[in-house]
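> Enclosed is the structure file run18.json (JSON, N, CA and C atoms).
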```
[["chain", "number", "residue", "atom", "x", "y", "z"],
["A", 1, "MET", "N", 6.12, 10.60, 3.68],
["A", 1, "MET", "CA", 6.11, 9.15, 3.62],
["A", 1, "MET", "C", 5.83, 8.73, 2.18],
["A", 2, "LYS", "N", 6.56, 7.72, 1.72],
["A", 2, "LYS", "CA", 6.36, 7.22, 0.37],
["A", 2, "LYS", "C", 5.87, 5.77, 0.43],
["A", 3, "ILE", "N", 4.74, 5.52, -0.24],
["A", 3, "ILE", "CA", 4.19, 4.17, -0.34],
["A", 3, "ILE", "C", 4.31, 3.75, -1.80],
["A", 4, "THR", "N", 4.94, 2.59, -2.01],
["A", 4, "THR", "CA", 5.09, 2.06, -3.36],
["A", 4, "THR", "C", 4.42, 0.70, -3.42],
["A", 5, "VAL", "N", 3.51, 0.55, -4.38],
["A", 5, "VAL", "CA", 2.77, -0.70, -4.55],
["A", 5, "VAL", "C", 3.27, -1.40, -5.80],
["A", 6, "CYS", "N", 3.57, -2.69, -5.69],
["A", 6, "CYS", "CA", 3.99, -3.46, -6.85],
["A", 6, "CYS", "C", 2.80, -3.65, -7.78],
["A", 7, "ILE", "N", 3.01, -3.39, -9.05],
["A", 7, "ILE", "CA", 1.96, -3.61, -10.05],
["A", 7, "ILE", "C", 2.43, -4.63, -11.10],
["A", 8, "GLY", "N", 3.44, -5.42, -10.72],
["A", 8, "GLY", "CA", 3.93, -6.49, -11.60],
["A", 8, "GLY", "C", 2.87, -7.57, -11.74],
["A", 9, "SER", "N", 3.11, -8.53, -12.62],
["A", 9, "SER", "CA", 2.09, -9.53, -12.96],
["A", 9, "SER", "C", 1.63, -10.36, -11.76],
["A", 10, "SER", "N", 2.55, -10.82, -10.92],
["A", 10, "SER", "CA", 2.17, -11.63, -9.77],
["A", 10, "SER", "C", 1.30, -10.84, -8.79],
["A", 11, "CYS", "N", 1.70, -9.63, -8.49],
["A", 11, "CYS", "CA", 0.93, -8.80, -7.56],
["A", 11, "CYS", "C", -0.38, -8.32, -8.20],
["A", 12, "HIS", "N", -0.37, -8.11, -9.50],
["A", 12, "HIS", "CA", -1.60, -7.72, -10.20],
["A", 12, "HIS", "C", -2.66, -8.81, -10.03],
["A", 13, "ILE", "N", -2.25, -10.05, -10.19],
["A", 13, "ILE", "CA", -3.17, -11.18, -10.03],
["A", 13, "ILE", "C", -3.70, -11.25, -8.60],
["A", 14, "LYS", "N", -2.88, -10.85, -7.63],
["A", 14, "LYS", "CA", -3.27, -10.90, -6.22],
["A", 14, "LYS", "C", -4.07, -9.68, -5.77],
["A", 15, "GLY", "N", -4.28, -8.71, -6.67],
["A", 15, "GLY", "CA", -5.16, -7.59, -6.35],
["A", 15, "GLY", "C", -4.50, -6.24, -6.17],
["A", 16, "SER", "N", -3.36, -6.01, -6.81],
["A", 16, "SER", "CA", -2.67, -4.73, -6.62],
["A", 16, "SER", "C", -3.52, -3.53, -7.04],
["A", 17, "ARG", "N", -4.34, -3.71, -8.06],
["A", 17, "ARG", "CA", -5.18, -2.59, -8.50],
["A", 17, "ARG", "C", -6.16, -2.18, -7.40],
["A", 18, "GLN", "N", -6.77, -3.17, -6.74],
["A", 18, "GLN", "CA", -7.69, -2.87, -5.65],
["A", 18, "GLN", "C", -6.96, -2.23, -4.47],
["A", 19, "VAL", "N", -5.74, -2.71, -4.19],
["A", 19, "VAL", "CA", -4.94, -2.14, -3.10],
["A", 19, "VAL", "C", -4.66, -0.67, -3.38],
["A", 20, "VAL", "N", -4.24, -0.35, -4.60],
["A", 20, "VAL", "CA", -3.95, 1.04, -4.97],
["A", 20, "VAL", "C", -5.20, 1.90, -4.84],
["A", 21, "THR", "N", -6.33, 1.41, -5.35],
["A", 21, "THR", "CA", -7.58, 2.16, -5.30],
["A", 21, "THR", "C", -8.00, 2.45, -3.86],
["A", 22, "GLN", "N", -7.90, 1.45, -3.00],
["A", 22, "GLN", "CA", -8.27, 1.63, -1.60],
["A", 22, "GLN", "C", -7.32, 2.59, -0.88],
["A", 23, "LEU", "N", -6.03, 2.47, -1.17],
["A", 23, "LEU", "CA", -5.06, 3.39, -0.55],
["A", 23, "LEU", "C", -5.31, 4.83, -1.00],
["A", 24, "GLN", "N", -5.61, 5.02, -2.27],
["A", 24, "GLN", "CA", -5.93, 6.37, -2.76],
["A", 24, "GLN", "C", -7.11, 6.95, -2.00],
["A", 25, "LYS", "N", -8.13, 6.14, -1.82],
["A", 25, "LYS", "CA", -9.34, 6.56, -1.11],
["A", 25, "LYS", "C", -9.04, 6.91, 0.34],
["A", 26, "LEU", "N", -8.28, 6.04, 1.04],
["A", 26, "LEU", "CA", -7.95, 6.27, 2.44],
["A", 26, "LEU", "C", -7.07, 7.51, 2.63],
["A", 27, "ILE", "N", -6.13, 7.70, 1.73],
["A", 27, "ILE", "CA", -5.26, 8.89, 1.80],
["A", 27, "ILE", "C", -6.11, 10.15, 1.64],
["A", 28, "ALA", "N", -7.04, 10.15, 0.69],
["A", 28, "ALA", "CA", -7.91, 11.31, 0.46],
["A", 28, "ALA", "C", -8.84, 11.53, 1.65],
["A", 29, "GLU", "N", -9.48, 10.47, 2.15],
["A", 29, "GLU", "CA", -10.42, 10.59, 3.27],
["A", 29, "GLU", "C", -9.76, 11.13, 4.53],
["A", 30, "ASN", "N", -8.48, 10.83, 4.70],
["A", 30, "ASN", "CA", -7.75, 11.28, 5.89],
["A", 30, "ASN", "C", -6.94, 12.54, 5.65],
["A", 31, "ASN", "N", -7.19, 13.20, 4.52],
["A", 31, "ASN", "CA", -6.50, 14.45, 4.16],
["A", 31, "ASN", "C", -4.98, 14.34, 4.31],
["A", 32, "MET", "N", -4.44, 13.26, 3.77],
["A", 32, "MET", "CA", -3.00, 13.01, 3.90],
["A", 32, "MET", "C", -2.26, 13.16, 2.58],
["A", 33, "GLY", "N", -2.91, 13.73, 1.58],
["A", 33, "GLY", "CA", -2.31, 13.87, 0.27],
["A", 33, "GLY", "C", -1.01, 14.66, 0.26],
["A", 34, "ASP", "N", -0.86, 15.58, 1.21],
["A", 34, "ASP", "CA", 0.36, 16.38, 1.27],
["A", 34, "ASP", "C", 1.45, 15.69, 2.09],
["A", 35, "LYS", "N", 1.10, 14.59, 2.77],
["A", 35, "LYS", "CA", 2.06, 13.89, 3.63],
["A", 35, "LYS", "C", 2.47, 12.53, 3.10],
["A", 36, "VAL", "N", 1.64, 11.98, 2.20],
["A", 36, "VAL", "CA", 1.87, 10.63, 1.71],
["A", 36, "VAL", "C", 1.93, 10.64, 0.19],
["A", 37, "GLU", "N", 3.01, 10.09, -0.34],
["A", 37, "GLU", "CA", 3.17, 9.95, -1.78],
["A", 37, "GLU", "C", 2.91, 8.48, -2.14],
["A", 38, "LEU", "N", 1.98, 8.24, -3.05],
["A", 38, "LEU", "CA", 1.63, 6.88, -3.46],
["A", 38, "LEU", "C", 2.12, 6.67, -4.88],
["A", 39, "GLY", "N", 2.86, 5.59, -5.08],
["A", 39, "GLY", "CA", 3.38, 5.30, -6.41],
["A", 39, "GLY", "C", 3.33, 3.81, -6.70],
["A", 40, "GLY", "N", 3.65, 3.46, -7.91],
["A", 40, "GLY", "CA", 3.68, 2.06, -8.31],
["A", 40, "GLY", "C", 5.02, 1.71, -8.94],
["A", 41, "THR", "N", 5.33, 0.43, -8.92],
["A", 41, "THR", "CA", 6.56, -0.05, -9.55],
["A", 41, "THR", "C", 6.34, -1.49, -9.98],
["A", 42, "PHE", "N", 7.21, -1.97, -10.83],
["A", 42, "PHE", "CA", 7.13, -3.37, -11.21],
["A", 42, "PHE", "C", 7.88, -4.20, -10.20],
["A", 43, "CYS", "N", 7.93, -5.47, -10.36],
["A", 43, "CYS", "CA", 8.36, -6.44, -9.36],
["A", 43, "CYS", "C", 9.48, -5.96, -8.44],
["A", 44, "MET", "N", 9.22, -6.09, -7.15],
["A", 44, "MET", "CA", 10.20, -5.75, -6.13],
["A", 44, "MET", "C", 10.87, -7.00, -5.58],
["A", 45, "GLY", "N", 10.57, -8.16, -6.20],
["A", 45, "GLY", "CA", 11.21, -9.41, -5.82],
["A", 45, "GLY", "C", 10.79, -9.95, -4.46],
["A", 46, "ASN", "N", 9.57, -9.62, -4.04],
["A", 46, "ASN", "CA", 9.11, -10.02, -2.72],
["A", 46, "ASN", "C", 7.65, -10.48, -2.83],
["A", 47, "CYS", "N", 7.43, -11.47, -3.68],
["A", 47, "CYS", "CA", 6.07, -11.84, -4.12],
["A", 47, "CYS", "C", 5.39, -12.95, -3.33],
["A", 48, "GLN", "N", 5.89, -13.33, -2.16],
["A", 48, "GLN", "CA", 5.43, -14.52, -1.47],
["A", 48, "GLN", "C", 3.94, -14.57, -1.19],
["A", 49, "LYS", "N", 3.40, -13.60, -0.48],
["A", 49, "LYS", "CA", 2.04, -13.71, 0.05],
["A", 49, "LYS", "C", 1.04, -12.87, -0.73],
["A", 50, "GLY", "N", 0.92, -11.62, -0.34],
["A", 50, "GLY", "CA", -0.04, -10.74, -0.99],
["A", 50, "GLY", "C", 0.67, -9.77, -1.90],
["A", 51, "VAL", "N", 0.05, -8.65, -2.14],
["A", 51, "VAL", "CA", 0.63, -7.60, -2.96],
["A", 51, "VAL", "C", 1.78, -6.98, -2.17],
["A", 52, "CYS", "N", 2.92, -6.81, -2.81],
["A", 52, "CYS", "CA", 4.09, -6.22, -2.16],
["A", 52, "CYS", "C", 3.91, -4.70, -2.08],
["A", 53, "VAL", "N", 3.97, -4.19, -0.86],
["A", 53, "VAL", "CA", 3.83, -2.75, -0.62],
["A", 53, "VAL", "C", 5.02, -2.31, 0.22],
["A", 54, "LYS", "N", 5.67, -1.26, -0.22],
["A", 54, "LYS", "CA", 6.83, -0.73, 0.50],
["A", 54, "LYS", "C", 6.43, 0.62, 1.09],
["A", 55, "VAL", "N", 6.60, 0.77, 2.41],
["A", 55, "VAL", "CA", 6.37, 2.04, 3.08],
["A", 55, "VAL", "C", 7.75, 2.55, 3.50],
["A", 56, "ASP", "N", 8.18, 3.62, 2.84],
["A", 56, "ASP", "CA", 9.54, 4.10, 2.96],
["A", 56, "ASP", "C", 10.48, 2.93, 2.66],
["A", 57, "ASN", "N", 11.14, 2.33, 3.65],
["A", 57, "ASN", "CA", 12.05, 1.21, 3.36],
["A", 57, "ASN", "C", 11.58, -0.12, 3.91],
["A", 58, "ASP", "N", 10.34, -0.19, 4.37],
["A", 58, "ASP", "CA", 9.81, -1.42, 4.97],
["A", 58, "ASP", "C", 8.85, -2.12, 4.00],
["A", 59, "PHE", "N", 9.10, -3.43, 3.78],
["A", 59, "PHE", "CA", 8.25, -4.22, 2.89],
["A", 59, "PHE", "C", 7.10, -4.86, 3.67],
["A", 60, "HIS", "N", 5.93, -4.91, 3.02],
["A", 60, "HIS", "CA", 4.74, -5.53, 3.60],
["A", 60, "HIS", "C", 4.04, -6.33, 2.51],
["A", 61, "SER", "N", 3.36, -7.39, 2.89],
["A", 61, "SER", "CA", 2.49, -8.12, 1.98],
["A", 61, "SER", "C", 1.06, -7.77, 2.35],
["A", 62, "VAL", "N", 0.32, -7.21, 1.41],
["A", 62, "VAL", "CA", -1.02, -6.71, 1.68],
["A", 62, "VAL", "C", -2.01, -7.33, 0.71],
["A", 63, "SER", "N", -3.11, -7.83, 1.22],
["A", 63, "SER", "CA", -4.18, -8.32, 0.35],
["A", 63, "SER", "C", -5.28, -7.26, 0.31],
["A", 64, "PRO", "N", -6.11, -7.28, -0.74],
["A", 64, "PRO", "CA", -7.15, -6.26, -0.84],
["A", 64, "PRO", "C", -8.08, -6.20, 0.37],
["A", 65, "ASP", "N", -8.29, -7.32, 1.06],
["A", 65, "ASP", "CA", -9.21, -7.32, 2.20],
["A", 65, "ASP", "C", -8.58, -6.82, 3.49],
["A", 66, "MET", "N", -7.30, -6.49, 3.48],
["A", 66, "MET", "CA", -6.66, -5.99, 4.70],
["A", 66, "MET", "C", -6.04, -4.60, 4.53],
["A", 67, "VAL", "N", -6.42, -3.89, 3.48],
["A", 67, "VAL", "CA", -5.83, -2.59, 3.19],
["A", 67, "VAL", "C", -6.12, -1.58, 4.31],
["A", 68, "GLU", "N", -7.34, -1.55, 4.79],
["A", 68, "GLU", "CA", -7.69, -0.56, 5.81],
["A", 68, "GLU", "C", -6.88, -0.79, 7.10],
["A", 69, "GLU", "N", -6.78, -2.03, 7.53],
["A", 69, "GLU", "CA", -5.99, -2.37, 8.71],
["A", 69, "GLU", "C", -4.52, -1.99, 8.50],
["A", 70, "PHE", "N", -3.98, -2.33, 7.33],
["A", 70, "PHE", "CA", -2.61, -1.98, 6.97],
["A", 70, "PHE", "C", -2.41, -0.47, 7.03],
["A", 71, "PHE", "N", -3.35, 0.27, 6.45],
["A", 71, "PHE", "CA", -3.25, 1.73, 6.40],
["A", 71, "PHE", "C", -3.22, 2.33, 7.81],
["A", 72, "LEU", "N", -4.13, 1.87, 8.66],
["A", 72, "LEU", "CA", -4.20, 2.41, 10.02],
["A", 72, "LEU", "C", -2.91, 2.16, 10.79],
["A", 73, "LYS", "N", -2.39, 0.95, 10.68],
["A", 73, "LYS", "CA", -1.22, 0.57, 11.46],
["A", 73, "LYS", "C", 0.10, 1.11, 10.89],
["A", 74, "ASN", "N", 0.25, 1.09, 9.58],
["A", 74, "ASN", "CA", 1.54, 1.39, 8.96],
["A", 74, "ASN", "C", 1.64, 2.76, 8.31],
["A", 75, "VAL", "N", 0.51, 3.44, 8.17],
["A", 75, "VAL", "CA", 0.55, 4.76, 7.55],
["A", 75, "VAL", "C", 0.02, 5.82, 8.50],
["A", 76, "LYS", "N", -1.25, 5.72, 8.86],
["A", 76, "LYS", "CA", -1.89, 6.75, 9.67],
["A", 76, "LYS", "C", -1.20, 6.96, 11.02],
["A", 77, "GLU", "N", -0.85, 5.88, 11.69],
["A", 77, "GLU", "CA", -0.19, 5.99, 13.00],
["A", 77, "GLU", "C", 1.21, 6.60, 12.92],
["A", 78, "LYS", "N", 1.83, 6.52, 11.74],
["A", 78, "LYS", "CA", 3.23, 6.96, 11.61],
["A", 78, "LYS", "C", 3.40, 8.33, 10.96],
["A", 79, "VAL", "N", 2.32, 8.89, 10.48],
["A", 79, "VAL", "CA", 2.43, 10.20, 9.82],
["A", 79, "VAL", "C", 2.26, 11.30, 10.85]]
```
What would you get if you wrote out this structure as structure tokens?

Amino acid sequence: MKITVCIGSSCHIKGSRQVVTQLQKLIAENNMGDKVELGGTFCMGNCQKGVCVKVDNDFHSVSPDMVEEFFLKNVKEKV
């Protein structure tokens, strides 16, 4: 599974750094480093709500306060 987090200016202001840090922690805590690839990219053109996060081919808007819920539903359950 590949997770890509937008680190462009709009998403950076909305907390992309915190989202990346929390995802790194959750991936490590769940021993998923060999199953999940985490990367960053600049603007994905989907800046409406929170930080733009792409899981494989699905786009999500994630705020720093909902990373754990997002991870459980969209990453852990699907790996």
> Give me every helix (DSSP H, G or I) residue in chain A, going by DSSP on the backbone, as an MDAnalysis selection string.
chainID A and resid 9:13 16:29 64:74 76:78
> What is the distance, in Å and to one decimal place, between atom CA of Glu29 of chain A and atom CA of Ser10 of chain A?
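Value for the atom CA of Glu29 of chain A-atom CA of Ser10 of chain A distance: 28.7 Å.
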> Would you kindly return, as a ChimeraX atom specification, each protein, DNA or RNA residue with an atom no farther than 12 Å from any atom of Asn57 of chain A, considering only C-alpha atoms and excluding same-chain residues fewer than 5 positions away?
/A:1-4,44,74
> I'd like the interatomic distance between atom CA of Cys6 of chain A and atom CA of Val55 of chain A, to a tenth of an Å.
11.6 Å
> Run DSSP on the backbone and grab whatever in chain A lands in strand (DSSP E or B); send it over as number ranges by chain.
A: 2-6, 37-41, 51-55, 58-62
> Write the residues of the preceding selection, restricted to N, CA and C atoms, as an mmCIF file, keeping the file's coordinate frame.

```
data_model
loop_
_atom_site.group_PDB
_atom_site.id
_atom_site.type_symbol
_atom_site.label_atom_id
_atom_site.label_comp_id
_atom_site.auth_asym_id
_atom_site.auth_seq_id
_atom_site.Cartn_x
_atom_site.Cartn_y
_atom_site.Cartn_z
ATOM 1 N N LYS A 2 6.560 7.720 1.720
ATOM 2 C CA LYS A 2 6.360 7.220 0.370
ATOM 3 C C LYS A 2 5.870 5.770 0.430
ATOM 4 N N ILE A 3 4.740 5.520 -0.240
ATOM 5 C CA ILE A 3 4.190 4.170 -0.340
ATOM 6 C C ILE A 3 4.310 3.750 -1.800
ATOM 7 N N THR A 4 4.940 2.590 -2.010
ATOM 8 C CA THR A 4 5.090 2.060 -3.360
ATOM 9 C C THR A 4 4.420 0.700 -3.420
ATOM 10 N N VAL A 5 3.510 0.550 -4.380
ATOM 11 C CA VAL A 5 2.770 -0.700 -4.550
ATOM 12 C C VAL A 5 3.270 -1.400 -5.800
ATOM 13 N N CYS A 6 3.570 -2.690 -5.690
ATOM 14 C CA CYS A 6 3.990 -3.460 -6.850
ATOM 15 C C CYS A 6 2.800 -3.650 -7.780
ATOM 16 N N GLU A 37 3.010 10.090 -0.340
ATOM 17 C CA GLU A 37 3.170 9.950 -1.780
ATOM 18 C C GLU A 37 2.910 8.480 -2.140
ATOM 19 N N LEU A 38 1.980 8.240 -3.050
ATOM 20 C CA LEU A 38 1.630 6.880 -3.460
ATOM 21 C C LEU A 38 2.120 6.670 -4.880
ATOM 22 N N GLY A 39 2.860 5.590 -5.080
ATOM 23 C CA GLY A 39 3.380 5.300 -6.410
ATOM 24 C C GLY A 39 3.330 3.810 -6.700
ATOM 25 N N GLY A 40 3.650 3.460 -7.910
ATOM 26 C CA GLY A 40 3.680 2.060 -8.310
ATOM 27 C C GLY A 40 5.020 1.710 -8.940
ATOM 28 N N THR A 41 5.330 0.430 -8.920
ATOM 29 C CA THR A 41 6.560 -0.050 -9.550
ATOM 30 C C THR A 41 6.340 -1.490 -9.980
ATOM 31 N N VAL A 51 0.050 -8.650 -2.140
ATOM 32 C CA VAL A 51 0.630 -7.600 -2.960
ATOM 33 C C VAL A 51 1.780 -6.980 -2.170
ATOM 34 N N CYS A 52 2.920 -6.810 -2.810
ATOM 35 C CA CYS A 52 4.090 -6.220 -2.160
ATOM 36 C C CYS A 52 3.910 -4.700 -2.080
ATOM 37 N N VAL A 53 3.970 -4.190 -0.860
ATOM 38 C CA VAL A 53 3.830 -2.750 -0.620
ATOM 39 C C VAL A 53 5.020 -2.310 0.220
ATOM 40 N N LYS A 54 5.670 -1.260 -0.220
ATOM 41 C CA LYS A 54 6.830 -0.730 0.500
ATOM 42 C C LYS A 54 6.430 0.620 1.090
ATOM 43 N N VAL A 55 6.600 0.770 2.410
ATOM 44 C CA VAL A 55 6.370 2.040 3.080
ATOM 45 C C VAL A 55 7.750 2.550 3.500
ATOM 46 N N ASP A 58 10.340 -0.190 4.370
ATOM 47 C CA ASP A 58 9.810 -1.420 4.970
ATOM 48 C C ASP A 58 8.850 -2.120 4.000
ATOM 49 N N PHE A 59 9.100 -3.430 3.780
ATOM 50 C CA PHE A 59 8.250 -4.220 2.890
ATOM 51 C C PHE A 59 7.100 -4.860 3.670
ATOM 52 N N HIS A 60 5.930 -4.910 3.020
ATOM 53 C CA HIS A 60 4.740 -5.530 3.600
ATOM 54 C C HIS A 60 4.040 -6.330 2.510
ATOM 55 N N SER A 61 3.360 -7.390 2.890
ATOM 56 C CA SER A 61 2.490 -8.120 1.980
ATOM 57 C C SER A 61 1.060 -7.770 2.350
ATOM 58 N N VAL A 62 0.320 -7.210 1.410
ATOM 59 C CA VAL A 62 -1.020 -6.710 1.680
ATOM 60 C C VAL A 62 -2.010 -7.330 0.710
#
```
> At a cut-off of 12 Å around the point (2.1, 7.0, -5.6) (file coordinates), what residues fall inside when counting only C-alpha atoms? I'd like the answer as a ChimeraX atom specification.
/A:1-7,19-21,23-24,27,33-41,53-56
> What are the centre and edge lengths in Å, to one decimal, of the axis-aligned box around all listed atoms of segment 4-22 of chain A with 4 Å added on each side, as lines of an AutoDock Vina configuration file?

```
center_x = -1.6
center_y = -4.5
center_z = -6.9
size_x = 21.4
size_y = 22.2
size_z = 20.1
```
> Write out as a list in words each polymer residue whose atoms come within 7 Å of Lys49 of chain A, counting all atoms listed in the file; drop sequence neighbours fewer than 4 positions from it.
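In the requested format, the answer is Ser61, Val62 and Ser63 of chain A.
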> Just how far from atom C of His12 of chain A is atom C of Val51 of chain A, in Å to one decimal?
9.2 Å
> Between A:His60, A:Lys73, A:Gln22, A:Ser9, single out the one closest to Asn46 of chain A, counting only N, CA and C atoms.
A:His60
> Which of these residues is nearest to Gln18 of chain A, using all atoms listed in the file: A:Cys52, A:Phe42, A:Pro64, A:Lys76?
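Comparing A:Cys52, A:Phe42, A:Pro64, A:Lys76 against Gln18 of chain A, the winner is A:Pro64.
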> Just checking: using only N, CA and C atoms, which residue out of A:Val79, A:Met66, A:Phe71, A:Cys11 ends up closest to Leu26 of chain A?
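Using only N, CA and C atoms, the shortest distance to Leu26 of chain A belongs to A:Phe71.
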> When you count only C-alpha atoms, which of these residues is closest to Leu72 of chain A: A:Ser16, A:Gly50, A:Cys43, A:Asn30?
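Among the listed residues, the smallest separation from Leu72 of chain A belongs to A:Asn30.
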